[in-house]
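S.K.: So here's entry00.cif (mmCIF, C-alpha atoms and all ligand atoms).
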```cif
data_my_file
loop_
_atom_site.label_atom_id
_atom_site.label_comp_id
_atom_site.auth_asym_id
_atom_site.auth_seq_id
_atom_site.Cartn_x
_atom_site.Cartn_y
_atom_site.Cartn_z
CA MET X 1 -26.50 25.22 10.61
CA PRO X 2 -24.61 22.92 8.23
CA VAL X 3 -24.70 25.69 5.61
CA MET X 4 -23.18 28.16 8.06
CA ARG X 5 -20.48 25.68 9.00
CA LYS X 6 -19.62 25.18 5.38
CA ALA X 7 -19.39 28.91 4.78
CA GLY X 8 -17.12 29.12 7.79
CA VAL X 9 -14.80 26.53 6.33
CA VAL X 10 -14.42 28.38 3.07
CA LEU X 11 -13.81 31.64 4.87
CA ALA X 12 -11.27 30.14 7.23
CA ALA X 13 -9.44 28.50 4.38
CA VAL X 14 -9.43 31.63 2.24
CA THR X 15 -8.05 33.76 5.04
CA LEU X 16 -5.24 31.25 5.48
CA ILE X 17 -3.44 31.67 2.17
CA PRO X 18 -5.18 34.14 -0.12
CA LEU X 19 -2.18 35.93 -1.59
CA ALA X 20 -0.07 32.87 -2.13
CA ALA X 21 -2.96 31.27 -3.94
CA CYS X 22 -3.52 34.22 -6.30
CA SER X 23 0.11 34.84 -7.06
CA SER X 24 0.88 31.20 -7.75
CA SER X 25 -1.88 31.04 -10.32
CA SER X 26 -1.06 34.28 -12.09
CA SER X 27 2.72 33.89 -12.15
CA GLY X 28 2.48 30.22 -13.05
CA GLY X 29 0.16 31.00 -15.93
CA SER X 30 -2.34 28.40 -14.74
CA SER X 31 -5.90 28.29 -15.91
CA THR X 32 -8.98 28.44 -13.76
CA SER X 33 -12.40 26.90 -14.03
CA SER X 34 -15.76 27.52 -12.42
CA GLY X 35 -15.74 24.52 -10.11
CA ASP X 36 -19.13 23.28 -11.19
CA ALA X 37 -19.67 19.63 -10.24
CA ALA X 38 -22.02 19.29 -13.23
CA ALA X 39 -19.46 20.68 -15.70
CA ASN X 40 -16.97 18.82 -17.91
CA LEU X 41 -18.29 15.39 -16.94
CA THR X 42 -17.73 13.95 -20.39
CA ALA X 43 -14.73 16.12 -21.27
CA ARG X 44 -11.54 14.40 -22.36
CA GLY X 45 -8.01 15.58 -23.01
CA PRO X 46 -4.54 15.74 -21.48
CA PHE X 47 -4.57 15.99 -17.71
CA SER X 48 -2.35 15.88 -14.62
CA TYR X 49 -1.95 13.61 -11.64
CA VAL X 50 -0.65 15.20 -8.44
CA GLN X 51 0.84 13.16 -5.63
CA GLY X 52 3.52 13.33 -2.93
CA LYS X 53 6.97 11.94 -3.56
CA ASP X 54 6.88 8.61 -5.38
CA ASN X 55 9.05 6.94 -2.71
CA SER X 56 8.16 3.45 -3.85
CA ASN X 57 8.56 4.09 -7.57
CA VAL X 58 5.07 2.86 -8.35
CA VAL X 59 3.62 5.94 -10.01
CA LYS X 60 6.14 6.46 -12.80
CA PRO X 61 5.79 2.97 -14.33
CA LEU X 62 2.01 3.27 -14.18
CA ILE X 63 2.04 6.68 -15.83
CA ASP X 64 4.25 5.24 -18.58
CA LYS X 65 1.88 2.33 -19.03
CA TRP X 66 -1.15 4.62 -19.35
CA ASN X 67 0.60 6.97 -21.78
CA ALA X 68 1.88 4.10 -23.94
CA ASP X 69 -1.64 2.80 -24.55
CA PRO X 70 -2.73 4.00 -28.03
CA ALA X 71 -6.25 4.46 -26.65
CA ASN X 72 -4.85 7.25 -24.47
CA LYS X 73 -3.12 9.11 -27.26
CA ASP X 74 -5.30 12.18 -26.75
CA GLN X 75 -5.49 11.91 -22.98
CA GLN X 76 -1.89 11.75 -21.86
CA VAL X 77 -1.24 12.22 -18.18
CA THR X 78 1.52 14.37 -16.67
CA PHE X 79 2.78 13.43 -13.23
CA ILE X 80 3.22 16.37 -10.86
CA GLU X 81 5.32 15.06 -7.99
CA GLN X 82 5.14 16.94 -4.70
CA SER X 83 7.50 16.72 -1.71
CA ALA X 84 7.58 13.84 0.77
CA ASP X 85 6.16 15.98 3.60
CA ALA X 86 2.40 15.52 4.15
CA ASN X 87 1.97 19.12 5.34
CA ALA X 88 3.70 20.58 2.28
CA GLN X 89 1.53 18.41 0.01
CA LEU X 90 -1.59 19.72 1.71
CA GLU X 91 -0.59 23.38 1.38
CA ASP X 92 0.20 22.92 -2.30
CA LEU X 93 -3.19 21.33 -2.98
CA LYS X 94 -5.03 24.02 -1.03
CA GLN X 95 -3.33 26.80 -2.92
CA HIS X 96 -4.42 25.29 -6.21
CA PHE X 97 -7.98 24.70 -5.05
CA LEU X 98 -8.27 28.20 -3.64
CA ALA X 99 -7.04 29.59 -6.94
CA LYS X 100 -9.70 27.42 -8.67
CA SER X 101 -6.90 26.07 -10.81
CA SER X 102 -7.70 23.55 -13.50
CA ASP X 103 -4.01 22.57 -13.66
CA TYR X 104 -4.56 19.83 -11.09
CA ASP X 105 -6.98 17.21 -12.42
CA VAL X 106 -6.51 14.04 -10.40
CA VAL X 107 -5.21 14.60 -6.90
CA ASP X 108 -3.99 12.19 -4.27
CA VAL X 109 -5.86 12.88 -1.05
CA ASP X 110 -4.53 11.75 2.31
CA VAL X 111 -7.40 10.08 4.17
CA VAL X 112 -7.46 12.91 6.71
CA TRP X 113 -8.06 15.63 4.11
CA THR X 114 -11.28 14.22 2.61
CA ALA X 115 -13.66 16.07 4.94
CA GLU X 116 -12.10 19.51 4.51
CA PHE X 117 -11.73 19.21 0.73
CA ALA X 118 -15.26 17.88 0.29
CA ALA X 119 -16.82 20.46 2.62
CA ASN X 120 -15.15 23.21 0.59
CA GLY X 121 -16.61 21.80 -2.63
CA TRP X 122 -13.18 21.08 -4.15
CA LEU X 123 -13.73 17.41 -5.03
CA GLN X 124 -15.93 15.95 -7.73
CA PRO X 125 -18.52 13.63 -6.13
CA LEU X 126 -18.15 10.14 -7.59
CA GLU X 127 -21.75 9.55 -8.61
CA GLY X 128 -23.82 9.29 -11.77
CA ASN X 129 -21.44 8.81 -14.74
CA LEU X 130 -18.56 8.81 -12.33
CA ALA X 131 -19.91 6.21 -9.90
CA LEU X 132 -17.56 3.52 -8.57
CA ASN X 133 -18.11 -0.05 -7.46
CA THR X 134 -16.75 -0.12 -3.93
CA ASP X 135 -17.87 -3.69 -3.08
CA PRO X 136 -14.40 -5.30 -3.33
CA LEU X 137 -12.84 -2.69 -1.04
CA ILE X 138 -12.01 -2.71 2.67
CA PRO X 139 -14.93 -0.80 4.24
CA ALA X 140 -12.69 1.49 6.34
CA THR X 141 -11.01 2.72 3.15
CA VAL X 142 -14.38 3.54 1.59
CA ASP X 143 -15.33 5.44 4.77
CA SER X 144 -12.11 7.41 4.50
CA ALA X 145 -13.13 8.63 1.03
CA THR X 146 -16.70 9.44 2.04
CA TYR X 147 -18.00 12.68 3.52
CA ALA X 148 -21.58 13.36 4.62
CA GLY X 149 -22.74 10.16 2.92
CA LYS X 150 -21.15 10.91 -0.47
CA LEU X 151 -18.11 9.25 -2.03
CA TYR X 152 -15.52 11.85 -3.12
CA ALA X 153 -12.52 9.70 -3.98
CA SER X 154 -11.48 6.23 -4.97
CA PRO X 155 -9.53 4.41 -2.25
CA GLN X 156 -6.03 3.76 -3.57
CA THR X 157 -3.72 2.55 -0.82
CA THR X 158 -4.35 2.16 2.88
CA ASP X 159 -1.72 2.38 5.60
CA GLY X 160 -1.09 0.94 9.03
CA GLY X 161 1.80 1.46 11.42
CA ILE X 162 4.29 -1.38 11.77
CA LEU X 163 7.19 -2.06 14.13
CA TYR X 164 10.35 -2.80 12.17
CA TYR X 165 12.93 -4.53 14.32
CA ARG X 166 16.39 -6.01 14.09
CA LYS X 167 15.78 -9.73 14.27
CA ASP X 168 19.54 -10.44 14.43
CA LEU X 169 19.57 -8.71 17.83
CA PHE X 170 16.05 -9.54 18.98
CA PRO X 171 14.74 -12.87 17.67
CA THR X 172 11.36 -12.13 19.25
CA PRO X 173 9.89 -8.66 18.73
CA PRO X 174 8.68 -6.83 21.86
CA ALA X 175 4.95 -7.18 22.36
CA SER X 176 4.60 -4.12 24.57
CA TRP X 177 6.22 -0.71 25.01
CA ASP X 178 7.60 -1.90 28.37
CA ASP X 179 9.15 -5.00 26.72
CA MET X 180 10.75 -2.75 24.15
CA THR X 181 12.11 -0.47 26.86
CA ALA X 182 13.60 -3.54 28.53
CA ASP X 183 15.28 -4.45 25.22
CA CYS X 184 16.96 -1.06 24.85
CA PRO X 185 20.11 -1.73 26.93
CA LYS X 186 20.93 -4.52 24.49
CA ALA X 187 20.67 -2.08 21.59
CA LYS X 188 22.98 0.25 23.46
CA GLN X 189 25.49 -2.58 23.96
CA ALA X 190 25.39 -3.14 20.21
CA GLY X 191 26.27 0.54 19.82
CA ILE X 192 22.97 1.62 18.23
CA ASP X 193 19.94 3.70 19.21
CA CYS X 194 16.79 2.00 20.40
CA TYR X 195 13.55 3.40 18.96
CA ALA X 196 12.30 6.09 16.61
CA GLY X 197 9.08 7.05 14.91
CA GLN X 198 8.13 10.40 13.38
CA PHE X 199 8.32 13.31 15.81
CA GLN X 200 8.86 16.40 13.67
CA LYS X 201 6.00 18.90 14.02
CA TYR X 202 3.83 17.74 11.08
CA GLU X 203 1.09 15.23 10.30
CA GLY X 204 3.33 12.30 11.13
CA LEU X 205 3.56 13.54 14.73
CA THR X 206 -0.22 13.53 14.98
CA VAL X 207 -0.10 9.91 13.80
CA ASN X 208 2.54 8.86 16.36
CA VAL X 209 0.90 10.71 19.26
CA ALA X 210 -2.54 9.33 18.40
CA GLU X 211 -1.06 5.83 18.36
CA ALA X 212 0.54 6.30 21.79
CA ILE X 213 -2.71 7.69 23.21
CA ASN X 214 -4.98 5.08 21.62
CA THR X 215 -2.69 2.24 22.66
CA ALA X 216 -2.90 3.41 26.27
CA GLY X 217 -6.71 3.31 26.06
CA GLY X 218 -7.19 7.05 25.56
CA THR X 219 -8.95 8.93 22.79
CA ILE X 220 -8.49 12.35 21.21
CA VAL X 221 -12.09 13.25 20.41
CA GLY X 222 -15.42 11.65 21.26
CA PRO X 223 -17.72 9.75 18.89
CA ASP X 224 -19.04 13.03 17.43
CA GLY X 225 -15.57 13.61 15.95
CA SER X 226 -15.16 17.00 17.59
CA THR X 227 -15.58 17.03 21.38
CA PRO X 228 -12.11 16.72 22.91
CA THR X 229 -11.58 13.74 25.20
CA VAL X 230 -7.81 13.95 25.29
CA ASP X 231 -7.42 15.43 28.76
CA SER X 232 -7.68 12.01 30.42
CA PRO X 233 -5.39 9.81 32.56
CA GLU X 234 -5.21 7.22 29.75
CA ALA X 235 -4.13 9.76 27.16
CA ALA X 236 -1.62 11.15 29.66
CA ALA X 237 -0.15 7.67 30.17
CA GLY X 238 0.26 7.31 26.40
CA LEU X 239 1.94 10.66 25.77
CA GLN X 240 4.09 10.16 28.88
CA LYS X 241 5.70 7.10 27.28
CA LEU X 242 6.98 9.17 24.37
CA VAL X 243 8.09 12.00 26.67
CA ASP X 244 9.92 9.53 28.91
CA GLY X 245 11.42 7.90 25.82
CA PHE X 246 13.08 11.18 24.84
CA LYS X 247 14.08 11.93 28.45
CA SER X 248 15.75 8.58 29.01
CA GLY X 249 17.40 8.46 25.58
CA ILE X 250 15.47 5.38 24.41
CA ILE X 251 14.41 7.70 21.58
CA PRO X 252 17.51 9.51 20.24
CA PRO X 253 17.34 13.34 20.42
CA ASP X 254 17.61 13.78 16.64
CA ALA X 255 14.32 11.87 16.21
CA ILE X 256 12.53 15.11 17.12
CA GLN X 257 13.31 16.10 13.52
CA PHE X 258 12.31 12.82 11.87
CA LEU X 259 9.71 12.48 9.14
CA GLU X 260 9.17 9.04 7.57
CA THR X 261 12.27 9.29 5.35
CA GLU X 262 14.67 10.23 8.15
CA SER X 263 13.54 7.41 10.40
CA LEU X 264 13.80 4.99 7.48
CA ASN X 265 17.36 6.15 6.73
CA ASP X 266 18.37 5.75 10.37
CA PHE X 267 17.06 2.19 10.49
CA GLU X 268 18.38 1.33 7.05
CA THR X 269 21.93 2.34 7.92
CA GLY X 270 21.82 0.04 10.93
CA ASN X 271 21.64 2.77 13.60
CA LEU X 272 18.33 1.82 15.11
CA ALA X 273 16.97 -1.32 16.79
CA PHE X 274 13.25 -0.50 16.44
CA MET X 275 11.38 1.79 14.08
CA ARG X 276 7.74 2.68 13.66
CA ASN X 277 6.93 3.21 10.00
CA TRP X 278 4.42 2.39 7.25
CA PRO X 279 4.50 -0.74 5.05
CA TYR X 280 6.27 1.05 2.17
CA ALA X 281 9.49 0.76 4.19
CA TYR X 282 9.57 -3.04 3.67
CA SER X 283 10.32 -2.75 -0.03
CA LEU X 284 13.03 -0.10 0.38
CA LEU X 285 14.69 -1.86 3.32
CA SER X 286 14.87 -5.09 1.35
CA THR X 287 15.92 -3.70 -2.03
CA ASP X 288 17.82 -0.40 -1.56
CA ALA X 289 21.48 -0.86 -2.48
CA SER X 290 22.35 1.21 0.60
CA SER X 291 20.31 -0.96 2.99
CA LYS X 292 22.50 -2.54 5.65
CA VAL X 293 19.61 -4.46 7.18
CA LYS X 294 18.32 -6.30 4.08
CA ASN X 295 18.45 -9.70 5.75
CA THR X 296 18.27 -8.70 9.37
CA PHE X 297 14.99 -6.85 9.77
CA GLY X 298 11.63 -8.19 10.80
CA MET X 299 8.13 -6.74 11.02
CA ALA X 300 5.68 -6.90 13.91
CA PRO X 301 2.57 -5.15 15.20
CA LEU X 302 3.19 -1.89 17.06
CA PRO X 303 4.04 -2.52 20.72
CA GLY X 304 0.96 -2.61 22.94
CA ASP X 305 0.14 -1.78 26.54
CA GLY X 306 0.58 -5.34 27.77
CA ASN X 307 -2.86 -6.51 26.67
CA GLY X 308 -2.47 -7.10 22.97
CA PRO X 309 -0.86 -5.13 20.14
CA GLY X 310 -0.69 -1.37 19.89
CA ALA X 311 -3.33 0.64 18.03
CA SER X 312 -2.17 2.02 14.72
CA SER X 313 -3.53 5.22 13.22
CA LEU X 314 -5.33 4.52 9.97
CA GLY X 315 -3.41 6.10 7.11
CA GLY X 316 -3.75 5.93 3.38
CA HIS X 317 -4.36 7.85 0.21
CA ASN X 318 -7.33 8.17 -2.10
CA MET X 319 -7.61 9.49 -5.64
CA ALA X 320 -10.00 12.33 -6.27
CA ILE X 321 -10.92 14.45 -9.28
CA SER X 322 -10.71 18.20 -8.82
CA VAL X 323 -14.04 19.90 -9.34
CA TYR X 324 -12.07 22.41 -11.47
CA SER X 325 -10.79 19.73 -13.88
CA GLN X 326 -11.61 20.29 -17.53
CA ALA X 327 -11.09 16.63 -18.46
CA LYS X 328 -13.20 14.75 -15.93
CA ALA X 329 -13.99 11.74 -18.14
CA SER X 330 -10.28 11.12 -18.82
CA ALA X 331 -9.52 11.72 -15.15
CA PHE X 332 -12.14 9.19 -14.12
CA ASP X 333 -10.77 6.50 -16.43
CA PHE X 334 -7.31 7.14 -15.02
CA VAL X 335 -8.59 6.82 -11.44
CA ASN X 336 -10.08 3.45 -12.38
CA PHE X 337 -6.82 2.39 -14.00
CA MET X 338 -4.81 3.41 -10.92
CA THR X 339 -7.12 1.49 -8.58
CA SER X 340 -7.90 -1.58 -10.69
CA ALA X 341 -7.38 -5.01 -9.13
CA GLU X 342 -4.26 -5.43 -11.28
CA THR X 343 -2.76 -2.10 -10.19
CA GLU X 344 -3.60 -2.82 -6.55
CA LYS X 345 -1.55 -6.00 -6.83
CA PHE X 346 1.28 -4.02 -8.39
CA TYR X 347 1.27 -1.73 -5.33
CA ILE X 348 2.26 -4.78 -3.25
CA THR X 349 4.76 -6.35 -5.59
CA GLN X 350 6.49 -3.13 -6.60
CA GLY X 351 6.26 -0.97 -3.49
CA SER X 352 4.96 -3.07 -0.56
CA LEU X 353 2.12 -0.59 -0.25
CA ALA X 354 -1.09 -1.69 1.41
CA PRO X 355 -3.81 -2.39 -1.16
CA VAL X 356 -7.45 -1.51 -0.53
CA VAL X 357 -8.88 -4.68 -2.11
CA THR X 358 -9.93 -7.13 0.58
CA SER X 359 -9.27 -10.30 -1.43
CA LEU X 360 -5.55 -9.53 -1.91
CA TYR X 361 -4.99 -10.11 1.80
CA GLU X 362 -6.42 -13.59 1.40
CA ASP X 363 -4.33 -14.46 -1.65
CA LYS X 364 -2.16 -17.41 -0.57
CA THR X 365 0.47 -16.94 -3.31
CA LEU X 366 0.96 -13.31 -2.35
CA ALA X 367 1.11 -14.12 1.37
CA LYS X 368 3.84 -16.66 0.67
CA LYS X 369 5.92 -14.22 -1.30
CA TYR X 370 5.20 -11.22 0.93
CA PRO X 371 5.24 -12.59 4.47
CA TYR X 372 4.51 -9.20 5.98
CA LEU X 373 0.94 -9.20 4.65
CA PRO X 374 -0.61 -10.86 7.72
CA VAL X 375 1.20 -8.38 10.03
CA LEU X 376 -0.10 -5.55 7.90
CA LYS X 377 -3.63 -6.93 7.94
CA GLN X 378 -3.47 -7.14 11.73
CA SER X 379 -2.33 -3.51 11.92
CA LEU X 380 -5.14 -2.42 9.60
CA ASP X 381 -7.77 -4.38 11.51
CA SER X 382 -6.97 -2.53 14.71
CA ALA X 383 -6.29 0.85 13.08
CA VAL X 384 -8.04 3.88 14.51
CA PRO X 385 -9.08 6.72 12.17
CA ARG X 386 -7.91 10.21 13.06
CA PRO X 387 -10.72 12.70 13.77
CA VAL X 388 -13.05 13.21 10.80
CA THR X 389 -13.87 16.92 10.56
CA PRO X 390 -13.78 19.70 7.98
CA TYR X 391 -11.53 21.49 10.47
CA TYR X 392 -9.07 18.61 10.54
CA GLN X 393 -5.99 20.67 9.83
CA ALA X 394 -6.65 22.94 12.81
CA VAL X 395 -7.35 19.92 15.03
CA SER X 396 -4.16 18.23 13.89
CA THR X 397 -2.16 21.42 14.47
CA ALA X 398 -3.55 21.51 18.01
CA ILE X 399 -2.28 17.96 18.54
CA GLN X 400 1.12 18.59 16.93
CA ASP X 401 1.93 21.89 18.64
CA ASN X 402 1.10 20.73 22.13
CA ALA X 403 2.56 17.24 21.88
CA TYR X 404 5.75 18.69 20.41
CA ALA X 405 6.08 21.09 23.36
CA ALA X 406 5.77 18.13 25.75
CA LEU X 407 8.29 16.01 23.82
CA LYS X 408 10.79 18.84 23.94
CA GLY X 409 10.25 19.10 27.71
CA ASP X 410 8.89 22.67 27.46
CA VAL X 411 5.60 21.81 29.21
CA SER X 412 4.35 18.94 31.38
CA VAL X 413 2.24 16.18 29.81
CA GLN X 414 -0.69 17.38 31.90
CA GLN X 415 -0.36 20.95 30.65
CA ALA X 416 0.11 19.80 27.05
CA LEU X 417 -3.08 17.74 27.11
CA SER X 418 -5.11 20.46 28.77
CA ASP X 419 -3.90 23.00 26.16
CA MET X 420 -4.49 20.43 23.40
CA SER X 421 -8.03 19.91 24.60
CA ASP X 422 -8.76 23.68 24.55
CA ALA X 423 -7.17 24.09 21.13
CA ILE X 424 -9.15 21.15 19.67
CA LYS X 425 -12.34 22.66 21.05
CA ALA X 426 -11.62 26.00 19.40
CA ALA X 427 -10.54 24.29 16.16
CA SER X 428 -13.57 22.01 15.99
CA SER X 429 -15.96 24.95 16.10
CA GLY X 430 -14.13 26.66 13.29
CA GLY X 431 -12.59 29.14 15.74
C1 LIG X 501 1.31 8.35 5.37
C2 LIG X 501 -0.15 7.99 5.64
C3 LIG X 501 -0.97 9.24 5.80
C4 LIG X 501 -0.39 10.09 6.89
C5 LIG X 501 1.05 10.45 6.56
C6 LIG X 501 1.71 11.22 7.70
O1 LIG X 501 1.45 8.91 4.11
O2 LIG X 501 -0.67 7.19 4.62
O3 LIG X 501 -2.31 8.92 6.10
O4 LIG X 501 -1.15 11.26 7.12
O5 LIG X 501 1.80 9.27 6.33
O6 LIG X 501 3.01 11.59 7.38
#
```
Show the structure stored in the file as structure tokens.
Ligand code: GLC

M.R.:
Amino acid sequence: MPVMRKAGVVLAAVTLIPLAACSSSSSGGSSTSSGDAAANLTARGPFSYVQGKDNSNVVKPLIDKWNADPANKDQQVTFIEQSADANAQLEDLKQHFLAKSSDYDVVDVDVVWTAEFAANGWLQPLEGNLALNTDPLIPATVDSATYAGKLYASPQTTDGGILYYRKDLFPTPPASWDDMTADCPKAKQAGIDCYAGQFQKYEGLTVNVAEAINTAGGTIVGPDGSTPTVDSPEAAAGLQKLVDGFKSGIIPPDAIQFLETESLNDFETGNLAFMRNWPYAYSLLSTDASSKVKNTFGMAPLPGDGNGPGASSLGGHNMAISVYSQAKASAFDFVNFMTSAETEKFYITQGSLAPVVTSLYEDKTLAKKYPYLPVLKQSLDSAVPRPVTPYYQAVSTAIQDNAYAALKGDVSVQQALSDMSDAIKAASSGG
């Protein structure tokens, strides 16, 4: 049975984008490799690192540091920077894997892609020569890089949702969604919009919808990771809050097109009282020359349901080595460099990213300098992973399509959840 499922994954993936994959490799002049997990384990040479947009400007200085080290003279790394959109990043990676391209050596893997990539045999298992010590790491981050008991990536940064708020207008952040709703007229008086998250039809919408549903006590799938449980009164109550938010204007209409960057810009220019975003926003809001809220924003846990804070979706990114890489030993050393204790600290100080090393959250000097760390830790502690399945992309599409229809007012919440449940069921069986 597991073998059949795996074959199904490969087939489904291949039928998705076969032509694009072939043409990109031939026209781009890229090279291919056999994809043998036992091959090239000690091979060294120049290699690439592929990641989404370096919003926080952490990657470029690290790449420079690696390349400047005389020991790396013959193993220089080239940074291939993708777009800021999680869905576009995923499609790009898949095209290269499907083409068996050896142009991508080290790849940044969103926590939700691990299962699909590993089930397709695209990632080099981190074992034997390439084994990692995961003891210092937050266990949930190690889980997010593990599939079927094997580690396929090195946790790099984790992510938890945070409520950014205008402390000049609201000295105390709202603890619940209802408190926030009650605060909105004051935002309106100040001439600004009230709340936005990420509601464009992409992975960020899955994140925001899952948070609304989990906060209301609902779930999307059962403990097996595949049986839909989303057609429930609790889940309905969660999605209804977002739908009502759009209906009443608490969420501005243009937020239906927001990804992370757009919501950040809206808050940064002073147009928004409350924003849901990831920790990376802290650094940009406090240092961007264009930030109008440098000294007037605060950070708090996501608003809850009245009994404690909201439930964040667990985000984050892990570094994996492509099974097609022809320089796996160099790639492995680079992965270790990019996830060393020193680099993990740099992720905080340079980009306010969430490190995966447990001890950094207990570091008193850091906590003093970066007062958001305890809020972040709280978000991470209550974070809920998105479904773990090799069919994740189809499951996430089922969530996005149906939630989006409800947010736009095209279908009722009830209908959206019933359709979502059917679509998750079909997706989870590879259908
Ligand atoms: C962040 C998170 C990632 C999530 C993405 C959605 O990058 O770390 O897990 O899927 O946002 O846009």

S.K.: Can you tell me which residues surround Leu239 of chain X at a distance of at most 7 Å, considering only C-alpha atoms, apart from same-chain residues fewer than 6 positions away, and format the answer as a list of chain:residue names?

M.R.: X:Val209, X:Ala212, X:Ile213, X:Val413

S.K.: Closest to ligand LIG 501 (chain X) among X:Ser283, X:Asn87, X:Thr229, X:Asn295, using all atoms listed in the file?

M.R.: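 Counting all atoms listed in the file, the residue closest to ligand LIG 501 (chain X) is X:Asn87.
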
S.K.: Can I get the residues of segment 189-223 of chain X within 12 Å of segment 301-311 of chain X, each with the closest pair of atoms and their distance in Å to one decimal, using all atoms listed in the file, sorted chain first then ascending number, as a Markdown table?

M.R.:
```
| residue | atom | partner | partner_atom | distance |
| --- | --- | --- | --- | --- |
| X:Tyr195 | CA | X:Pro303 | CA | 11.3 |
| X:Gly197 | CA | X:Leu302 | CA | 10.9 |
| X:Val207 | CA | X:Ala311 | CA | 10.7 |
| X:Asn208 | CA | X:Ala311 | CA | 10.2 |
| X:Val209 | CA | X:Ala311 | CA | 11.0 |
| X:Ala210 | CA | X:Ala311 | CA | 8.7 |
| X:Glu211 | CA | X:Ala311 | CA | 5.7 |
| X:Ala212 | CA | X:Ala311 | CA | 7.8 |
| X:Ile213 | CA | X:Ala311 | CA | 8.8 |
| X:Asn214 | CA | X:Ala311 | CA | 5.9 |
| X:Thr215 | CA | X:Ala311 | CA | 4.9 |
| X:Ala216 | CA | X:Asp305 | CA | 6.0 |
| X:Gly217 | CA | X:Asp305 | CA | 8.5 |
| X:Gly218 | CA | X:Ala311 | CA | 10.6 |
| X:Thr219 | CA | X:Ala311 | CA | 11.1 |
```

S.K.: With distances taken over only C-alpha atoms, which residue among X:Pro171, X:Gly315, X:Pro253, X:Pro125 lies nearest Gly149 of chain X?

M.R.: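 Ranking X:Pro171, X:Gly315, X:Pro253, X:Pro125 by distance to Gly149 of chain X, first place goes to X:Pro125.
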
S.K.: Between atom CA of Leu126 of chain X and atom CA of Phe47 of chain X, what is the distance, to one decimal in Å?

M.R.: 17.9 Å

S.K.: Between atom CA of Leu285 of chain X and atom CA of Ser312 of chain X, measure the distance and give it in Å to one decimal.

M.R.: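 Spanning atom CA of Leu285 of chain X to atom CA of Ser312 of chain X is a straight-line distance of 20.7 Å.
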
S.K.: Would you list the residues that come within 8 Å of ligand LIG 501 (chain X)? Count only C-alpha atoms and all ligand atoms and give the answer as a ChimeraX atom specification.

M.R.: /X:85-87,110-112,157-160,198,202-207,259-260,278,314-317

S.K.: Which residues are near Gly35 of chain X? Cut-off 7 Å, all atoms listed in the file, ignore same chain within fewer than 5 positions. Put them as a ChimeraX atom specification.

M.R.: /X:100,323-324

S.K.: Which residue out of X:Thr134, X:Gln156, X:Ser102, X:Asn72 has the minimum interatomic distance to Ala354 of chain X when all atoms listed in the file are used?

M.R.: X:Gln156

S.K.: Name the residues in contact with segment 365-374 of chain X at a cut-off of 10 Å, using only C-alpha atoms, excluding same-chain residues fewer than 3 positions from it; report them as a list in words.

M.R.: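 Returned residues: Ile162, Pro279, Tyr282, Ser283, Gly298, Met299, Ala300, Pro301, Lys345, Ile348, Thr349, Ser352, Leu353, Ala354, Leu360, Tyr361, Glu362, Lys377, Gln378, Ser379 and Leu380 of chain X.
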
S.K.: Between X:Tyr404, X:Phe297, X:Phe79, X:Trp122, which is the closest to Phe246 of chain X once you count all atoms listed in the file?

M.R.: X:Tyr404

S.K.: Find, counting only C-alpha atoms, the residue in X:Gly409, X:Pro46, X:Pro385, X:Gly222 that gets nearest to Ser421 of chain X.

M.R.: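 Nearest to Ser421 of chain X: X:Gly222.
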
S.K.: Would you mind telling me which residue in X:Ser418, X:Ser232, X:Gln189, X:Gln76 lies nearest to Ile63 of chain X when using all atoms listed in the file?

M.R.: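 Looking only at the distances to Ile63 of chain X, the closest residue turns out to be X:Gln76.
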